[in-house]
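Q: The structure file model34.pdb (PDB, C-alpha atoms and all ligand atoms) is provided below.
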```
MODEL        1
ATOM      1  CA  MET A   1     163.049  69.116 147.105  1.00  0.00           C
ATOM      2  CA  LYS A   2     166.444  69.637 145.503  1.00  0.00           C
ATOM      3  CA  THR A   3     168.347  72.860 146.078  1.00  0.00           C
ATOM      4  CA  ARG A   4     170.653  73.716 143.217  1.00  0.00           C
ATOM      5  CA  ILE A   5     172.253  77.135 143.143  1.00  0.00           C
ATOM      6  CA  ALA A   6     174.039  78.323 140.006  1.00  0.00           C
ATOM      7  CA  ILE A   7     176.458  81.215 140.454  1.00  0.00           C
ATOM      8  CA  ASP A   8     177.933  82.707 137.307  1.00  0.00           C
ATOM      9  CA  GLY A   9     179.854  85.850 136.567  1.00  0.00           C
ATOM     10  CA  PRO A  10     183.155  87.276 135.349  1.00  0.00           C
ATOM     11  CA  ALA A  11     186.596  86.726 136.917  1.00  0.00           C
ATOM     12  CA  GLY A  12     187.099  88.432 140.268  1.00  0.00           C
ATOM     13  CA  ALA A  13     183.397  88.960 141.032  1.00  0.00           C
ATOM     14  CA  GLY A  14     183.834  86.845 144.183  1.00  0.00           C
ATOM     15  CA  LYS A  15     182.058  83.729 142.931  1.00  0.00           C
ATOM     16  CA  SER A  16     184.229  81.072 144.560  1.00  0.00           C
ATOM     17  CA  THR A  17     184.438  82.704 147.988  1.00  0.00           C
ATOM     18  CA  VAL A  18     180.735  83.504 148.022  1.00  0.00           C
ATOM     19  CA  ALA A  19     179.631  80.142 146.616  1.00  0.00           C
ATOM     20  CA  ARG A  20     181.682  78.276 149.208  1.00  0.00           C
ATOM     21  CA  ALA A  21     180.278  80.346 152.075  1.00  0.00           C
ATOM     22  CA  VAL A  22     176.693  79.981 150.827  1.00  0.00           C
ATOM     23  CA  ALA A  23     177.169  76.203 150.547  1.00  0.00           C
ATOM     24  CA  LYS A  24     178.497  76.062 154.104  1.00  0.00           C
ATOM     25  CA  LYS A  25     175.631  78.144 155.504  1.00  0.00           C
ATOM     26  CA  LEU A  26     172.992  76.082 153.754  1.00  0.00           C
ATOM     27  CA  GLY A  27     174.659  72.695 154.229  1.00  0.00           C
ATOM     28  CA  LEU A  28     175.082  72.108 150.488  1.00  0.00           C
ATOM     29  CA  ALA A  29     177.962  70.666 148.468  1.00  0.00           C
ATOM     30  CA  TYR A  30     180.116  73.053 146.467  1.00  0.00           C
ATOM     31  CA  LEU A  31     181.707  72.666 143.036  1.00  0.00           C
ATOM     32  CA  ASP A  32     184.157  75.157 141.539  1.00  0.00           C
ATOM     33  CA  THR A  33     183.879  74.353 137.825  1.00  0.00           C
ATOM     34  CA  GLY A  34     186.603  76.856 136.890  1.00  0.00           C
ATOM     35  CA  ALA A  35     189.055  74.609 138.748  1.00  0.00           C
ATOM     36  CA  MET A  36     188.337  71.856 136.228  1.00  0.00           C
ATOM     37  CA  TYR A  37     189.260  74.117 133.277  1.00  0.00           C
ATOM     38  CA  ARG A  38     192.339  75.165 135.249  1.00  0.00           C
ATOM     39  CA  ALA A  39     193.359  71.524 135.785  1.00  0.00           C
ATOM     40  CA  VAL A  40     193.149  70.858 132.028  1.00  0.00           C
ATOM     41  CA  THR A  41     195.159  74.032 131.372  1.00  0.00           C
ATOM     42  CA  LEU A  42     197.850  72.984 133.842  1.00  0.00           C
ATOM     43  CA  ALA A  43     198.116  69.564 132.176  1.00  0.00           C
ATOM     44  CA  ALA A  44     198.313  71.204 128.726  1.00  0.00           C
ATOM     45  CA  LEU A  45     201.017  73.657 129.819  1.00  0.00           C
ATOM     46  CA  ARG A  46     203.070  70.882 131.406  1.00  0.00           C
ATOM     47  CA  LYS A  47     202.877  68.937 128.141  1.00  0.00           C
ATOM     48  CA  LYS A  48     203.681  72.105 126.186  1.00  0.00           C
ATOM     49  CA  ALA A  49     200.576  71.322 124.120  1.00  0.00           C
ATOM     50  CA  ASN A  50     199.365  73.715 121.441  1.00  0.00           C
ATOM     51  CA  LEU A  51     196.460  75.450 123.196  1.00  0.00           C
ATOM     52  CA  TYR A  52     194.978  76.482 119.861  1.00  0.00           C
ATOM     53  CA  ASP A  53     194.680  72.922 118.550  1.00  0.00           C
ATOM     54  CA  ASN A  54     191.265  71.596 119.580  1.00  0.00           C
ATOM     55  CA  LYS A  55     192.036  68.017 118.645  1.00  0.00           C
ATOM     56  CA  VAL A  56     195.145  68.027 120.827  1.00  0.00           C
ATOM     57  CA  LEU A  57     193.183  69.527 123.728  1.00  0.00           C
ATOM     58  CA  GLU A  58     190.372  67.035 123.275  1.00  0.00           C
ATOM     59  CA  SER A  59     192.578  63.948 123.455  1.00  0.00           C
ATOM     60  CA  LEU A  60     194.537  65.418 126.337  1.00  0.00           C
ATOM     61  CA  THR A  61     191.337  66.114 128.304  1.00  0.00           C
ATOM     62  CA  ALA A  62     189.846  62.696 127.533  1.00  0.00           C
ATOM     63  CA  GLY A  63     192.964  61.089 129.021  1.00  0.00           C
ATOM     64  CA  LEU A  64     192.901  63.022 132.291  1.00  0.00           C
ATOM     65  CA  VAL A  65     191.439  61.876 135.582  1.00  0.00           C
ATOM     66  CA  ILE A  66     190.174  64.943 137.446  1.00  0.00           C
ATOM     67  CA  ASP A  67     188.861  64.284 140.936  1.00  0.00           C
ATOM     68  CA  ILE A  68     187.344  66.857 143.237  1.00  0.00           C
ATOM     69  CA  LYS A  69     187.022  66.450 146.976  1.00  0.00           C
ATOM     70  CA  SER A  70     185.850  68.849 149.639  1.00  0.00           C
ATOM     71  CA  ALA A  71     188.192  69.990 152.425  1.00  0.00           C
ATOM     72  CA  GLU A  72     186.995  70.681 155.986  1.00  0.00           C
ATOM     73  CA  ASP A  73     186.514  74.368 155.157  1.00  0.00           C
ATOM     74  CA  GLY A  74     184.474  73.438 152.100  1.00  0.00           C
ATOM     75  CA  GLN A  75     187.225  74.363 149.662  1.00  0.00           C
ATOM     76  CA  ASN A  76     187.562  72.070 146.665  1.00  0.00           C
ATOM     77  CA  ILE A  77     190.715  69.957 146.553  1.00  0.00           C
ATOM     78  CA  ILE A  78     191.556  69.151 142.948  1.00  0.00           C
ATOM     79  CA  TYR A  79     193.421  66.027 141.908  1.00  0.00           C
ATOM     80  CA  LEU A  80     194.908  65.638 138.465  1.00  0.00           C
ATOM     81  CA  ASN A  81     195.768  61.985 137.757  1.00  0.00           C
ATOM     82  CA  GLY A  82     196.023  61.482 141.513  1.00  0.00           C
ATOM     83  CA  GLU A  83     198.217  64.533 142.194  1.00  0.00           C
ATOM     84  CA  ASP A  84     196.895  67.344 144.408  1.00  0.00           C
ATOM     85  CA  VAL A  85     197.071  70.402 142.106  1.00  0.00           C
ATOM     86  CA  THR A  86     194.886  72.728 144.221  1.00  0.00           C
ATOM     87  CA  ALA A  87     197.682  75.316 144.533  1.00  0.00           C
ATOM     88  CA  ALA A  88     199.263  74.773 141.114  1.00  0.00           C
ATOM     89  CA  ILE A  89     196.063  75.576 139.206  1.00  0.00           C
ATOM     90  CA  ARG A  90     196.038  79.085 140.756  1.00  0.00           C
ATOM     91  CA  LEU A  91     199.479  79.994 139.404  1.00  0.00           C
ATOM     92  CA  PRO A  92     199.449  83.145 137.214  1.00  0.00           C
ATOM     93  CA  GLU A  93     200.709  81.089 134.263  1.00  0.00           C
ATOM     94  CA  VAL A  94     197.532  78.964 134.436  1.00  0.00           C
ATOM     95  CA  SER A  95     195.283  82.021 134.959  1.00  0.00           C
ATOM     96  CA  ARG A  96     196.758  83.645 131.852  1.00  0.00           C
ATOM     97  CA  HIS A  97     196.010  80.662 129.610  1.00  0.00           C
ATOM     98  CA  VAL A  98     192.828  79.130 131.019  1.00  0.00           C
ATOM     99  CA  SER A  99     190.428  81.246 128.941  1.00  0.00           C
ATOM    100  CA  ILE A 100     192.060  79.942 125.756  1.00  0.00           C
ATOM    101  CA  VAL A 101     191.532  76.337 126.847  1.00  0.00           C
ATOM    102  CA  ALA A 102     187.966  77.040 128.068  1.00  0.00           C
ATOM    103  CA  ARG A 103     187.077  78.244 124.525  1.00  0.00           C
ATOM    104  CA  CYS A 104     187.533  74.738 123.153  1.00  0.00           C
ATOM    105  CA  ALA A 105     184.133  73.094 122.563  1.00  0.00           C
ATOM    106  CA  GLU A 106     185.580  69.573 122.844  1.00  0.00           C
ATOM    107  CA  VAL A 107     187.094  70.316 126.256  1.00  0.00           C
ATOM    108  CA  ARG A 108     183.838  71.898 127.406  1.00  0.00           C
ATOM    109  CA  GLU A 109     181.806  68.898 126.319  1.00  0.00           C
ATOM    110  CA  ILE A 110     183.888  66.527 128.433  1.00  0.00           C
ATOM    111  CA  LEU A 111     183.910  68.759 131.525  1.00  0.00           C
ATOM    112  CA  VAL A 112     180.263  69.835 131.255  1.00  0.00           C
ATOM    113  CA  GLN A 113     179.138  66.214 131.096  1.00  0.00           C
ATOM    114  CA  LYS A 114     180.903  65.584 134.404  1.00  0.00           C
ATOM    115  CA  GLN A 115     179.462  68.781 135.925  1.00  0.00           C
ATOM    116  CA  LYS A 116     175.941  67.831 134.831  1.00  0.00           C
ATOM    117  CA  GLU A 117     176.316  64.433 136.478  1.00  0.00           C
ATOM    118  CA  ILE A 118     177.337  66.083 139.757  1.00  0.00           C
ATOM    119  CA  GLY A 119     174.506  68.614 139.402  1.00  0.00           C
ATOM    120  CA  ARG A 120     171.900  65.886 139.007  1.00  0.00           C
ATOM    121  CA  ARG A 121     172.616  64.710 142.556  1.00  0.00           C
ATOM    122  CA  GLY A 122     171.199  68.066 143.729  1.00  0.00           C
ATOM    123  CA  ASN A 123     171.837  70.039 146.919  1.00  0.00           C
ATOM    124  CA  ILE A 124     174.774  71.865 145.441  1.00  0.00           C
ATOM    125  CA  VAL A 125     176.177  75.308 144.801  1.00  0.00           C
ATOM    126  CA  MET A 126     178.118  75.401 141.540  1.00  0.00           C
ATOM    127  CA  ASP A 127     180.033  78.384 140.258  1.00  0.00           C
ATOM    128  CA  GLY A 128     181.351  79.112 136.791  1.00  0.00           C
ATOM    129  CA  ARG A 129     180.425  80.912 133.592  1.00  0.00           C
ATOM    130  CA  ASP A 130     177.736  78.710 132.041  1.00  0.00           C
ATOM    131  CA  ILE A 131     176.127  77.031 135.038  1.00  0.00           C
ATOM    132  CA  GLY A 132     172.751  78.783 134.841  1.00  0.00           C
ATOM    133  CA  THR A 133     172.677  78.706 131.044  1.00  0.00           C
ATOM    134  CA  ASN A 134     174.063  75.280 130.257  1.00  0.00           C
ATOM    135  CA  VAL A 135     175.226  73.028 133.108  1.00  0.00           C
ATOM    136  CA  MET A 136     172.157  73.402 135.378  1.00  0.00           C
ATOM    137  CA  PRO A 137     169.618  75.363 133.290  1.00  0.00           C
ATOM    138  CA  ASP A 138     166.883  74.052 135.593  1.00  0.00           C
ATOM    139  CA  ALA A 139     168.620  75.114 138.837  1.00  0.00           C
ATOM    140  CA  GLU A 140     166.174  76.354 141.485  1.00  0.00           C
ATOM    141  CA  TYR A 141     168.261  79.488 142.031  1.00  0.00           C
ATOM    142  CA  LYS A 142     170.465  81.395 139.616  1.00  0.00           C
ATOM    143  CA  ILE A 143     172.693  84.276 140.609  1.00  0.00           C
ATOM    144  CA  PHE A 144     174.791  86.405 138.286  1.00  0.00           C
ATOM    145  CA  LEU A 145     177.562  88.021 140.339  1.00  0.00           C
ATOM    146  CA  THR A 146     179.415  90.959 138.948  1.00  0.00           C
ATOM    147  CA  ALA A 147     181.505  93.977 139.990  1.00  0.00           C
ATOM    148  CA  SER A 148     183.271  96.803 138.184  1.00  0.00           C
ATOM    149  CA  LEU A 149     186.379  95.842 136.198  1.00  0.00           C
ATOM    150  CA  GLU A 150     188.640  97.883 138.476  1.00  0.00           C
ATOM    151  CA  GLU A 151     187.229  96.354 141.651  1.00  0.00           C
ATOM    152  CA  ARG A 152     187.569  92.837 140.254  1.00  0.00           C
ATOM    153  CA  ALA A 153     191.178  93.529 139.256  1.00  0.00           C
ATOM    154  CA  ARG A 154     191.887  94.983 142.687  1.00  0.00           C
ATOM    155  CA  ARG A 155     190.524  91.860 144.408  1.00  0.00           C
ATOM    156  CA  ARG A 156     192.595  89.539 142.231  1.00  0.00           C
ATOM    157  CA  MET A 157     195.675  91.698 142.839  1.00  0.00           C
ATOM    158  CA  PHE A 158     195.300  91.457 146.639  1.00  0.00           C
ATOM    159  CA  GLU A 159     194.626  87.726 146.403  1.00  0.00           C
ATOM    160  CA  LEU A 160     197.903  87.269 144.511  1.00  0.00           C
ATOM    161  CA  ARG A 161     199.804  89.545 146.893  1.00  0.00           C
ATOM    162  CA  GLU A 162     198.717  87.371 149.786  1.00  0.00           C
ATOM    163  CA  LYS A 163     200.426  84.513 147.990  1.00  0.00           C
ATOM    164  CA  GLY A 164     203.570  86.611 147.511  1.00  0.00           C
ATOM    165  CA  GLU A 165     202.955  87.472 143.828  1.00  0.00           C
ATOM    166  CA  HIS A 166     203.315  91.156 143.049  1.00  0.00           C
ATOM    167  CA  ILE A 167     201.423  92.527 140.122  1.00  0.00           C
ATOM    168  CA  GLU A 168     200.474  96.122 139.381  1.00  0.00           C
ATOM    169  CA  LEU A 169     196.802  97.093 139.232  1.00  0.00           C
ATOM    170  CA  GLU A 170     197.140  98.361 135.651  1.00  0.00           C
ATOM    171  CA  GLN A 171     198.445  95.009 134.466  1.00  0.00           C
ATOM    172  CA  MET A 172     195.792  93.120 136.431  1.00  0.00           C
ATOM    173  CA  ILE A 173     193.082  95.245 134.797  1.00  0.00           C
ATOM    174  CA  LYS A 174     194.486  94.362 131.373  1.00  0.00           C
ATOM    175  CA  GLU A 175     194.610  90.640 132.188  1.00  0.00           C
ATOM    176  CA  ILE A 176     191.066  90.533 133.577  1.00  0.00           C
ATOM    177  CA  GLU A 177     189.814  92.557 130.606  1.00  0.00           C
ATOM    178  CA  ALA A 178     191.448  90.099 128.197  1.00  0.00           C
ATOM    179  CA  ARG A 179     189.868  87.123 130.006  1.00  0.00           C
ATOM    180  CA  ASP A 180     186.445  88.803 130.058  1.00  0.00           C
ATOM    181  CA  LYS A 181     186.693  89.363 126.324  1.00  0.00           C
ATOM    182  CA  ILE A 182     187.520  85.731 125.532  1.00  0.00           C
ATOM    183  CA  ASP A 183     184.927  84.362 128.012  1.00  0.00           C
ATOM    184  CA  THR A 184     182.078  86.546 126.701  1.00  0.00           C
ATOM    185  CA  GLU A 185     182.899  86.387 122.996  1.00  0.00           C
ATOM    186  CA  ARG A 186     183.647  82.684 122.570  1.00  0.00           C
ATOM    187  CA  GLU A 187     181.276  80.655 120.401  1.00  0.00           C
ATOM    188  CA  CYS A 188     180.629  77.799 122.809  1.00  0.00           C
ATOM    189  CA  SER A 189     178.548  78.684 125.916  1.00  0.00           C
ATOM    190  CA  PRO A 190     179.859  82.231 126.343  1.00  0.00           C
ATOM    191  CA  LEU A 191     179.568  83.943 129.702  1.00  0.00           C
ATOM    192  CA  ARG A 192     176.174  85.615 129.876  1.00  0.00           C
ATOM    193  CA  GLN A 193     173.488  86.203 132.455  1.00  0.00           C
ATOM    194  CA  ALA A 194     170.693  83.627 132.205  1.00  0.00           C
ATOM    195  CA  ASP A 195     167.318  85.270 131.537  1.00  0.00           C
ATOM    196  CA  ASP A 196     166.020  84.043 134.888  1.00  0.00           C
ATOM    197  CA  ALA A 197     169.166  84.835 136.931  1.00  0.00           C
ATOM    198  CA  ILE A 198     169.195  87.494 139.638  1.00  0.00           C
ATOM    199  CA  LEU A 199     171.909  90.109 139.111  1.00  0.00           C
ATOM    200  CA  VAL A 200     174.002  90.964 142.176  1.00  0.00           C
ATOM    201  CA  ASP A 201     176.557  93.771 141.757  1.00  0.00           C
ATOM    202  CA  THR A 202     179.163  93.241 144.482  1.00  0.00           C
ATOM    203  CA  THR A 203     181.298  96.340 143.762  1.00  0.00           C
ATOM    204  CA  ASN A 204     180.369  98.037 147.021  1.00  0.00           C
ATOM    205  CA  MET A 205     179.428  94.968 149.038  1.00  0.00           C
ATOM    206  CA  THR A 206     181.379  92.899 151.554  1.00  0.00           C
ATOM    207  CA  ILE A 207     181.566  89.140 151.133  1.00  0.00           C
ATOM    208  CA  ALA A 208     179.292  88.695 154.163  1.00  0.00           C
ATOM    209  CA  GLU A 209     176.695  91.016 152.619  1.00  0.00           C
ATOM    210  CA  VAL A 210     176.722  89.109 149.341  1.00  0.00           C
ATOM    211  CA  VAL A 211     176.428  85.765 151.145  1.00  0.00           C
ATOM    212  CA  ASP A 212     173.509  87.050 153.246  1.00  0.00           C
ATOM    213  CA  LYS A 213     171.775  88.369 150.151  1.00  0.00           C
ATOM    214  CA  ILE A 214     171.976  85.007 148.402  1.00  0.00           C
ATOM    215  CA  VAL A 215     170.862  83.116 151.523  1.00  0.00           C
ATOM    216  CA  ASP A 216     167.908  85.529 151.738  1.00  0.00           C
ATOM    217  CA  ILE A 217     167.043  84.893 148.094  1.00  0.00           C
ATOM    218  CA  VAL A 218     167.061  81.126 148.711  1.00  0.00           C
ATOM    219  CA  ALA A 219     164.942  81.573 151.836  1.00  0.00           C
ATOM    220  CA  GLY A 220     162.497  83.578 149.721  1.00  0.00           C
ATOM    221  CA  ARG A 221     162.983  86.700 151.839  1.00  0.00           C
ATOM    222  CA  LYS A 222     163.679  88.915 148.818  1.00  0.00           C
ATOM    223  CA  ASP A 223     164.624  88.792 145.163  1.00  0.00           C
TER     224      ASP A 223
HETATM  225  O1  LIG B 301     186.512  81.031 137.771  1.00  0.00           O
HETATM  226  P1  LIG B 301     187.917  80.812 137.273  1.00  0.00           P
HETATM  227  O2  LIG B 301     188.721  82.072 137.157  1.00  0.00           O
HETATM  228  O3  LIG B 301     188.653  79.774 138.029  1.00  0.00           O
HETATM  229  O4  LIG B 301     187.715  80.262 135.781  1.00  0.00           O
HETATM  230  C1  LIG B 301     188.801  79.901 134.989  1.00  0.00           C
HETATM  231  C2  LIG B 301     188.432  79.995 133.506  1.00  0.00           C
HETATM  232  O5  LIG B 301     187.593  78.927 133.140  1.00  0.00           O
HETATM  233  C3  LIG B 301     187.771  81.276 133.071  1.00  0.00           C
HETATM  234  O6  LIG B 301     188.574  81.952 132.137  1.00  0.00           O
HETATM  235  C4  LIG B 301     186.502  80.861 132.395  1.00  0.00           C
HETATM  236  C5  LIG B 301     186.514  79.388 132.355  1.00  0.00           C
HETATM  237  N1  LIG B 301     185.283  78.798 132.860  1.00  0.00           N
HETATM  238  C6  LIG B 301     184.313  78.506 131.948  1.00  0.00           C
HETATM  239  O7  LIG B 301     184.459  78.796 130.770  1.00  0.00           O
HETATM  240  N2  LIG B 301     183.176  77.887 132.351  1.00  0.00           N
HETATM  241  C7  LIG B 301     182.988  77.581 133.635  1.00  0.00           C
HETATM  242  N3  LIG B 301     181.865  76.974 134.002  1.00  0.00           N
HETATM  243  C8  LIG B 301     183.970  77.909 134.601  1.00  0.00           C
HETATM  244  C9  LIG B 301     185.114  78.536 134.174  1.00  0.00           C
ENDMDL
END
```
Turn this file's structure into structure tokens for me.
Ligand code: DC
A:
Amino acid sequence: MKTRIAIDGPAGAGKSTVARAVAKKLGLAYLDTGAMYRAVTLAALRKKANLYDNKVLESLTAGLVIDIKSAEDGQNIIYLNGEDVTAAIRLPEVSRHVSIVARCAEVREILVQKQKEIGRRGNIVMDGRDIGTNVMPDAEYKIFLTASLEERARRRMFELREKGEHIELEQMIKEIEARDKIDTERECSPLRQADDAILVDTTNMTIAEVVDKIVDIVAGRKD
């Protein structure tokens, strides 16, 4: 039997960290689909492309080779036309623009097709915004991870500080709020909880607790 776990939710809910840990515990592959939108955004910014021109974004995306490999620790290593861009796609400049690129239906079509192909192989944890609703609507397990806006902003702020980037909480809240708005209000596959997804609010939970909860759900211990 295939095990496909879809983890969706807003920015800063802990999806990537949790998804990676769940994959490791259960011996499954892991795909961070947000990294693919980030890779396209990085390429578009480098080309100084107009992020509001769908045709420009479409031809740019069609011409890119995005490869994803797994590191020892399970983290995804992202290659853009052969270049390792794993660190570059996390730069604040990319984070600030990625929601605009992810709105583009033509970009989504190209990336979703690739994600669906990977999903069909099974035994995978995939995280994103539309995994349970669109990429793997028939996934065996669907989790919708969320947390309060302030907590999500706080997490992102600490993550950036660890990388030496200082940003005030107030500004982080505004940035996350702006991304939430674009991600949930866009026309094409907006972020929403699938009807059959289990909601997990991580505001007052540790990463280990969230991971255990999902592993329990998969093991059928609770729902
Ligand atoms: O999870 P993340 O912060 O790396 O996601 C980056 C952006 O990509 C985010 O603004 C939403 C978008 N995204 C999406 O629209 N669909 C996905 N499956 C994954 C990410």
Q: Residues within 7 Å of ligand LIG 301 (chain B) should be enumerated using all atoms listed in the file and returned as a VMD selection string.
A: chain A and resid 11 33 to 35 37 to 38 95 98 to 99 102 to 103 127 to 131 179 183
Q: Name every residue that the PyMOL selection byres (((chain A and resi 115) around 10) and not hetatm) selects in this structure, writing the answer as a PyMOL selection string with chains first and numbers rising.
A: chain A and resi 31-33+36+109-114+116-120+126+131+135-136
Q: For the selection just defined, write its residues with C-alpha atoms to a file, as a JSON list (two decimals), in the coordinates of the input.
A:
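Generated file (result-v8.json):
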```json
[["chain", "number", "residue", "atom", "x", "y", "z"],
["A", 31, "LEU", "CA", 181.71, 72.67, 143.04],
["A", 32, "ASP", "CA", 184.16, 75.16, 141.54],
["A", 33, "THR", "CA", 183.88, 74.35, 137.82],
["A", 36, "MET", "CA", 188.34, 71.86, 136.23],
["A", 109, "GLU", "CA", 181.81, 68.90, 126.32],
["A", 110, "ILE", "CA", 183.89, 66.53, 128.43],
["A", 111, "LEU", "CA", 183.91, 68.76, 131.52],
["A", 112, "VAL", "CA", 180.26, 69.83, 131.26],
["A", 113, "GLN", "CA", 179.14, 66.21, 131.10],
["A", 114, "LYS", "CA", 180.90, 65.58, 134.40],
["A", 116, "LYS", "CA", 175.94, 67.83, 134.83],
["A", 117, "GLU", "CA", 176.32, 64.43, 136.48],
["A", 118, "ILE", "CA", 177.34, 66.08, 139.76],
["A", 119, "GLY", "CA", 174.51, 68.61, 139.40],
["A", 120, "ARG", "CA", 171.90, 65.89, 139.01],
["A", 126, "MET", "CA", 178.12, 75.40, 141.54],
["A", 131, "ILE", "CA", 176.13, 77.03, 135.04],
["A", 135, "VAL", "CA", 175.23, 73.03, 133.11],
["A", 136, "MET", "CA", 172.16, 73.40, 135.38]]
```
Q: Of the candidates A:Thr202, A:Thr41, A:Gln75, A:Ser148, which one gets nearest to A:Glu58 if we count only C-alpha atoms?
A: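 Answer, going by the shortest atom-to-atom distance: A:Thr41.
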Q: So how many Å separate atom CA of A:Lys2 and atom CA of A:Glu140, to one decimal?
A: 7.8 Å
Q: Translate the PyMOL selection byres (((chain A and resi 204) around 12) and not hetatm), as applied to the file shown, into an explicit residue set as a list in words.
A: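 With the PyMOL selection byres (((chain A and resi 204) around 12) and not hetatm) on this model, the match is Ala13, Thr146, Ala147, Ser148, Glu150, Glu151, Arg152, Val200, Asp201, Thr202, Thr203, Met205, Thr206, Ile207, Ala208, Glu209 and Val210 of chain A.
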